[in-house]
Amino acid sequence: MKKRIITTILFALSLNANAVDTLQAAAKPVVTIAALDVPRYMGTWYEIAKFENRFQKKCVGFTSATYSALPDDKVQVVNRCQGSSGEAIEAIGEARQVGNSSSPKLKVRFAPAFLSFLPMVWGDYWVIDLDKDYQLAAVSEAKREFLWILSRTKKVDKQKYDALVTRLVAQGLDVSKLVLTKQE
């Protein structure tokens with residue numbers, strides 16, 4: 001009985017320590033990767049997990065994002081998913097880098113082009129984690145309200161996924177809010 005109580009107390013203390021670590025990390029600014037090679041980032045990425053958000057409410061799975069180069073150093077973004085009735089849902093937007101040509105910070109909009117002069121139609125898209133082979137990425141923004149884990153494949157090795165999630169915790173992201181995306 002004493003052993004069980006001691007184990008329970010130690011478990012509770014470890015949870016509290018993890019919560020403190022996450023809060024301390026969240027007090028620090030989100031750190032992006034050092035540089036993004038945008039041409040290498042182009043192509044299709046599959047959503048592996050995300051924080052739920054209002055603009056993906058109708059999506060039940062099979063979510064992907066395809067990035068294509070546009071003139072003037074802009075990027076076309078085509079997000080696709082499957083709706084609850086099996087219908088394909090598609091949103092076409094545009095992204096642009098903020099800063100120099102290797103900046104990992106982008107702005108993205110899905111509002112019509114004639115509204116692009118309005119700052120509020122542009123959202124932050126910060127690449128905060130990316131493997132050296134450009135196969136697994138995490139995207140968020142300064143307030144940590146949004147998070148997407150993206151992969152070039154529909155399935156990710158569990159060890160690689162777990163290692164990425166550990167790095168996201170160190171960034172102060174509440175990974176308990178991650179929802180896995182149905183891809184198969």
# chains A, B, ... in the order shown; residues from 1 in each chain; ligands from 1
$ residues_around --residues "region 43-54 of chain A" --least-positions-apart "6" --cutoff "9 Å" --atoms "only C-alpha atoms" --output "compact mmCIF listing (two decimals) with C-alpha atoms, in the first residue's frame"
# COMPACT_ATOMS: atom_id res chain seq x y z
CA GLY A 61 -9.20 13.39 -43.14
CA PHE A 62 -7.05 12.79 -46.18
CA THR A 63 -5.66 16.31 -45.83
CA SER A 64 -2.77 17.56 -47.95
CA ALA A 65 -1.15 20.82 -49.00
CA THR A 66 0.55 21.30 -52.35
CA TYR A 67 2.94 24.21 -52.80
CA SER A 68 3.91 25.51 -56.25
CA GLN A 135 10.48 14.99 -45.40
CA LEU A 136 8.94 15.94 -42.03
CA ALA A 137 7.99 19.45 -40.93
CA GLU A 145 -2.51 28.76 -31.55
CA PHE A 146 -1.95 26.68 -34.67
CA LEU A 147 0.24 23.68 -35.32
CA TRP A 148 0.52 21.30 -38.25
CA ILE A 149 2.79 18.30 -38.58
CA LEU A 150 3.40 17.62 -42.25
CA SER A 151 5.11 14.78 -44.09
CA ARG A 152 5.98 13.93 -47.67
CA THR A 153 4.39 10.54 -47.02
CA LYS A 154 0.99 9.63 -45.60
CA LYS A 155 2.56 7.66 -42.77
CA VAL A 156 5.45 8.65 -40.51
CA VAL A 175 1.01 18.72 -27.82
CA LYS A 177 -4.05 19.36 -28.36
CA LEU A 178 -2.65 17.45 -31.37
CA VAL A 179 -5.25 15.53 -33.34
CA LEU A 180 -4.01 12.82 -35.71
CA THR A 181 -5.23 13.13 -39.29
CA LYS A 182 -6.78 10.14 -41.02
CA GLN A 183 -4.72 9.45 -44.15
$ atom_distance --atom1 "CA of Tyr134 (chain A)" --atom2 "CA of Thr32 (chain A)"
14.7 Å
$ residues_around --residues "region 117-130 of chain A" --least-positions-apart "2" --cutoff "6 Å" --atoms "only C-alpha atoms" --output "number ranges by chain"
A: 32-33, 104-109, 115, 136-141
$ closest_residue --among "A:Ala35, A:Ala69, A:Cys59, A:Ala95" --to "Cys81 (chain A)" --atoms "only C-alpha atoms"
A:Cys59
$ closest_residue --among "A:Gln159, A:Gln56, A:Thr166, A:Ser176" --to "Gly83 (chain A)" --atoms "only C-alpha atoms"
A:Gln56
